[in-house]
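Q: Input: one structure, supplied below.
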Amino acid sequence: MPSPAGMVLSRTQASRRSATAVHVSRIALCSHDTVSGVLKIMNVATAAVGVLGIGFDANSSFKRGPAEAPPKIRSALSSESANAYSETGYKVWPSDQVVDHGDLDIPDETGTRAPIDVIEQGVANALATTDRLVLLGGDHAVTYPIIRAVAAVHGPISLLHVDAHPDLYPDFQGNPWSHASPMARIAEEGLVDRLVQVGIRSYGPDQAAMVEQYDVEVHPPWSHGPGPELRFDSPLYISVDVDGLDPAYAPGVSHPEPGGLSVRQVLDVIANCAAPRVIGADVVEVNPTVDPTGITSVVAAKLVRELLGRLLSESG
Ligand SMILES: [Mn+2]
């Protein structure tokens with residue numbers, strides 16, 4: 001049974017609800033304009049793009065914490081240390097064109113299907129009012145149910161995946177919903193017609209077999225120059241694990257892997273990949289419990305700002 005709008009459920013309360021229940025903890029219909037100080041009522045029906053938080057990390061294999069990321073990323077987005085615009089000139093946060101759907105309330109269960117279904121239904125609900133979303137993770141396990149919901153609306157789609165890791169384990173330590181396995185679920189269900197991975201630098205033979213089996217295109221990090229030329233023929237979804245970046249730029253992650261991409265390289269990928277349309281994106285794996293300066297949330301907010309700018313550039 002859906003929760004009434006505006007009702008906030010604690011994680012414990014949510015866990016007691018039935019496995020198939022869908023909880024939207026709050027629907028933000030207003031935005032505080034940090035420039036003028038005026039509280040503006042936003043019209044969900046006219047917003048071009050939505051933002052939805054998915055603070056879920058029960059399937060993290062090594063260290064929990066990404067469940068705490070969405071409010072940290074929003075706080076960095078709203079900080080008066082930066083302005084409201086993308087580098088490409090679009091007013092993204094706050095913006096009349098961007099509606100904040102709040103955060104999903106998700107059962108805190110490890111290794112079960114229930115949270116996956118709650119996330120998929122919650123994303124589908126948000127897509128009903130804004131058919132393009134930027135999702136704030138959460139660990140990377142959230143991307144499988146997100147893609148199920150997005151592909152149901154926009155499919156067939158292509159998936160551009162920035163990460164240190166391919167996340168293609170058939171299961172990880174027996175958990176098929178692990179944050180190390182979302183791309184395996186997406187590939188085996190045929191949810192995307194093309195999977196392109198960028199920044200990959202940590203994987204073994206079992207995942208290499210999956211790359212071969214599902215014809216995944218893998219680009220390791222590059223040292224200089226423009227990077228791979230990426231052209232897609234179908235609507236594109238972009239999933240960014242911030243550990244695809246070098247830990248020098250994004251240290252607050254559960255699995256830091258040195259030798260990664262710079263912020264500028266990832267921004268260039270977002271700006272330069274060619275596709276008929278970008279129809280959604282997520283930024284995942286920020287772990288605020290190991291990010292004492294908050295810089296990783298600031299980096300994530302920067303990526304969200306430019307992803308929103310890219311989506312708004314393709315509106316209407
Ligand atoms: Mn990763």
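Here's how to read the names in the structure tokens: chain A, B, ... by the order shown, residue numbers from 1 in each chain, ligand numbers from 1 in the order shown.
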Can you pull out every residue with an atom within 10 Å of ligand 1? Use only C-alpha atoms and all ligand atoms and format it as a list in words.
A: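 Counting only what the definition allows, namely only C-alpha atoms and all ligand atoms, the set is Asp139, His140, His161, Val162, Asp163, Ala164, His165, Pro166, Asp167, His179, Ala180, Gly199, Ile200, Arg201, Ser202, Val240, Asp241, Val242, Asp243, Gly244, Leu245, Val253, Ser254, His255, Pro256, Glu257, Val284 and Glu285 of chain A.
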Q: Any chance you could export the current selection's N, CA and C atoms as a PDB file, in the first residue's frame?
A:
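As written to disk, part_29.pdb reads:
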```
ATOM      1  N   ASP A 139      24.276   2.307  -3.017  1.00  0.00           N
ATOM      2  CA  ASP A 139      25.360   1.572  -3.654  1.00  0.00           C
ATOM      3  C   ASP A 139      24.912   1.128  -5.048  1.00  0.00           C
ATOM      4  N   HIS A 140      25.798   0.417  -5.764  1.00  0.00           N
ATOM      5  CA  HIS A 140      25.493   0.164  -7.175  1.00  0.00           C
ATOM      6  C   HIS A 140      24.409  -0.893  -7.381  1.00  0.00           C
ATOM      7  N   HIS A 161      28.437   2.986 -18.493  1.00  0.00           N
ATOM      8  CA  HIS A 161      28.712   2.661 -17.097  1.00  0.00           C
ATOM      9  C   HIS A 161      30.148   3.065 -16.760  1.00  0.00           C
ATOM     10  N   VAL A 162      30.283   4.074 -15.911  1.00  0.00           N
ATOM     11  CA  VAL A 162      31.597   4.538 -15.462  1.00  0.00           C
ATOM     12  C   VAL A 162      31.886   3.896 -14.111  1.00  0.00           C
ATOM     13  N   ASP A 163      33.036   3.232 -13.986  1.00  0.00           N
ATOM     14  CA  ASP A 163      33.308   2.467 -12.761  1.00  0.00           C
ATOM     15  C   ASP A 163      34.745   1.969 -12.788  1.00  0.00           C
ATOM     16  N   ALA A 164      35.309   1.671 -11.600  1.00  0.00           N
ATOM     17  CA  ALA A 164      36.561   0.917 -11.550  1.00  0.00           C
ATOM     18  C   ALA A 164      36.326  -0.558 -11.799  1.00  0.00           C
ATOM     19  N   HIS A 165      35.074  -1.002 -11.523  1.00  0.00           N
ATOM     20  CA  HIS A 165      34.743  -2.436 -11.518  1.00  0.00           C
ATOM     21  C   HIS A 165      33.620  -2.720 -12.513  1.00  0.00           C
ATOM     22  N   PRO A 166      33.652  -3.879 -13.174  1.00  0.00           N
ATOM     23  CA  PRO A 166      32.575  -4.175 -14.142  1.00  0.00           C
ATOM     24  C   PRO A 166      31.244  -4.550 -13.506  1.00  0.00           C
ATOM     25  N   ASP A 167      31.232  -4.908 -12.204  1.00  0.00           N
ATOM     26  CA  ASP A 167      29.985  -5.276 -11.500  1.00  0.00           C
ATOM     27  C   ASP A 167      29.226  -6.367 -12.238  1.00  0.00           C
ATOM     28  N   HIS A 179      26.005  -5.435  -4.711  1.00  0.00           N
ATOM     29  CA  HIS A 179      26.416  -4.258  -5.495  1.00  0.00           C
ATOM     30  C   HIS A 179      27.537  -4.603  -6.488  1.00  0.00           C
ATOM     31  N   ALA A 180      28.053  -5.835  -6.414  1.00  0.00           N
ATOM     32  CA  ALA A 180      29.051  -6.287  -7.395  1.00  0.00           C
ATOM     33  C   ALA A 180      28.407  -6.989  -8.593  1.00  0.00           C
ATOM     34  N   GLY A 199      36.560   3.212 -17.529  1.00  0.00           N
ATOM     35  CA  GLY A 199      37.318   3.390 -16.291  1.00  0.00           C
ATOM     36  C   GLY A 199      37.655   2.079 -15.588  1.00  0.00           C
ATOM     37  N   ILE A 200      37.304   0.951 -16.212  1.00  0.00           N
ATOM     38  CA  ILE A 200      37.434  -0.367 -15.577  1.00  0.00           C
ATOM     39  C   ILE A 200      38.918  -0.717 -15.381  1.00  0.00           C
ATOM     40  N   ARG A 201      39.262  -1.131 -14.158  1.00  0.00           N
ATOM     41  CA  ARG A 201      40.666  -1.461 -13.870  1.00  0.00           C
ATOM     42  C   ARG A 201      40.813  -2.502 -12.761  1.00  0.00           C
ATOM     43  N   SER A 202      39.755  -3.193 -12.419  1.00  0.00           N
ATOM     44  CA  SER A 202      39.854  -4.187 -11.360  1.00  0.00           C
ATOM     45  C   SER A 202      38.876  -5.319 -11.642  1.00  0.00           C
ATOM     46  N   VAL A 240      27.092   6.324 -13.072  1.00  0.00           N
ATOM     47  CA  VAL A 240      28.433   6.690 -12.631  1.00  0.00           C
ATOM     48  C   VAL A 240      28.663   6.200 -11.202  1.00  0.00           C
ATOM     49  N   ASP A 241      29.541   5.196 -11.060  1.00  0.00           N
ATOM     50  CA  ASP A 241      30.068   4.823  -9.752  1.00  0.00           C
ATOM     51  C   ASP A 241      31.251   5.762  -9.500  1.00  0.00           C
ATOM     52  N   VAL A 242      31.210   6.497  -8.386  1.00  0.00           N
ATOM     53  CA  VAL A 242      32.269   7.492  -8.175  1.00  0.00           C
ATOM     54  C   VAL A 242      33.630   6.845  -7.924  1.00  0.00           C
ATOM     55  N   ASP A 243      33.675   5.502  -7.699  1.00  0.00           N
ATOM     56  CA  ASP A 243      35.006   4.894  -7.598  1.00  0.00           C
ATOM     57  C   ASP A 243      35.649   4.696  -8.970  1.00  0.00           C
ATOM     58  N   GLY A 244      34.923   5.007 -10.044  1.00  0.00           N
ATOM     59  CA  GLY A 244      35.551   5.092 -11.360  1.00  0.00           C
ATOM     60  C   GLY A 244      36.578   6.213 -11.410  1.00  0.00           C
ATOM     61  N   LEU A 245      36.319   7.240 -10.583  1.00  0.00           N
ATOM     62  CA  LEU A 245      37.289   8.326 -10.434  1.00  0.00           C
ATOM     63  C   LEU A 245      38.459   7.843  -9.591  1.00  0.00           C
ATOM     64  N   VAL A 253      34.797   6.407  -0.777  1.00  0.00           N
ATOM     65  CA  VAL A 253      34.116   5.264  -1.393  1.00  0.00           C
ATOM     66  C   VAL A 253      34.506   3.989  -0.633  1.00  0.00           C
ATOM     67  N   SER A 254      33.711   2.948  -0.770  1.00  0.00           N
ATOM     68  CA  SER A 254      33.965   1.702  -0.045  1.00  0.00           C
ATOM     69  C   SER A 254      35.103   0.890  -0.652  1.00  0.00           C
ATOM     70  N   HIS A 255      35.336   1.063  -1.955  1.00  0.00           N
ATOM     71  CA  HIS A 255      36.349   0.256  -2.659  1.00  0.00           C
ATOM     72  C   HIS A 255      37.284   1.159  -3.468  1.00  0.00           C
ATOM     73  N   PRO A 256      38.102   1.974  -2.787  1.00  0.00           N
ATOM     74  CA  PRO A 256      38.993   2.865  -3.554  1.00  0.00           C
ATOM     75  C   PRO A 256      39.962   2.066  -4.419  1.00  0.00           C
ATOM     76  N   GLU A 257      40.092   2.471  -5.664  1.00  0.00           N
ATOM     77  CA  GLU A 257      40.964   1.765  -6.615  1.00  0.00           C
ATOM     78  C   GLU A 257      41.837   2.810  -7.318  1.00  0.00           C
ATOM     79  N   VAL A 284      26.347   6.862  -7.944  1.00  0.00           N
ATOM     80  CA  VAL A 284      26.249   5.902  -6.838  1.00  0.00           C
ATOM     81  C   VAL A 284      27.600   5.700  -6.146  1.00  0.00           C
ATOM     82  N   GLU A 285      27.526   5.038  -4.987  1.00  0.00           N
ATOM     83  CA  GLU A 285      28.693   4.574  -4.224  1.00  0.00           C
ATOM     84  C   GLU A 285      29.449   5.673  -3.476  1.00  0.00           C
TER      85      GLU A 285
END
```
Q: I want to know what sits within 12 Å of Gly190 of chain A, based on only C-alpha atoms, with residues of the same chain fewer than 6 positions away left out; could you give that as a PyMOL selection string?
A: chain A and resi 144+147-148+151-152+155-159+183-184+214-216
Q: Counting only C-alpha atoms, which residue out of A:Phe172, A:Phe56, A:Tyr237, A:Phe62 sits closest to Leu191 of chain A?
A: A:Tyr237
Q: Using only C-alpha atoms, which residue out of A:Ile279, A:Ala48, A:Leu135, A:Val99 lies closest to Val123 of chain A?
A: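 Once distances to Val123 of chain A are computed over only C-alpha atoms, the minimum belongs to A:Leu135.
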Q: Pick from A:Phe232, A:Tyr85, A:Tyr203, A:Trp222: nearest to Leu168 of chain A, with only C-alpha atoms counted?
A: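 Using only C-alpha atoms, Leu168 of chain A sits closest to A:Tyr203.
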Q: Each residue of segment 148-204 of chain A with at least one atom at most 10 Å from segment 115-121 of chain A should appear once, together with its nearest atom pair and the corresponding distance in Å (one decimal); atoms considered: only C-alpha atoms; ordering: chain, then increasing residue number; output as CSV.
A:
```
residue,atom,partner,partner_atom,distance
A:Arg148,CA,A:Glu120,CA,6.6
A:Ala149,CA,A:Glu120,CA,5.5
A:Val150,CA,A:Glu120,CA,8.8
A:Trp177,CA,A:Ile116,CA,8.0
```
Q: Using N, CA and C atoms, can you write the selected residues to a file as a short mmCIF file (atom, residue, chain, number, x, y, z; two decimals), in the first residue's frame?
A:
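out_6.cif was written with the following content:
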```
data_model
loop_
_atom_site.label_atom_id
_atom_site.label_comp_id
_atom_site.auth_asym_id
_atom_site.auth_seq_id
_atom_site.Cartn_x
_atom_site.Cartn_y
_atom_site.Cartn_z
N ARG A 148 15.49 -1.57 -14.86
CA ARG A 148 14.24 -2.26 -15.17
C ARG A 148 13.11 -1.24 -15.40
N ALA A 149 13.02 -0.25 -14.49
CA ALA A 149 11.95 0.75 -14.60
C ALA A 149 12.17 1.67 -15.81
N VAL A 150 13.41 2.09 -16.01
CA VAL A 150 13.71 3.01 -17.11
C VAL A 150 13.51 2.32 -18.47
N TRP A 177 21.98 -10.10 -5.59
CA TRP A 177 21.59 -8.68 -5.59
C TRP A 177 22.74 -7.80 -5.10
#
```
Q: One number please: atom CA of Ala69 of chain A to atom CA of Val269 of chain A, in Å, one decimal.
A: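 The value is 23.2 Å.
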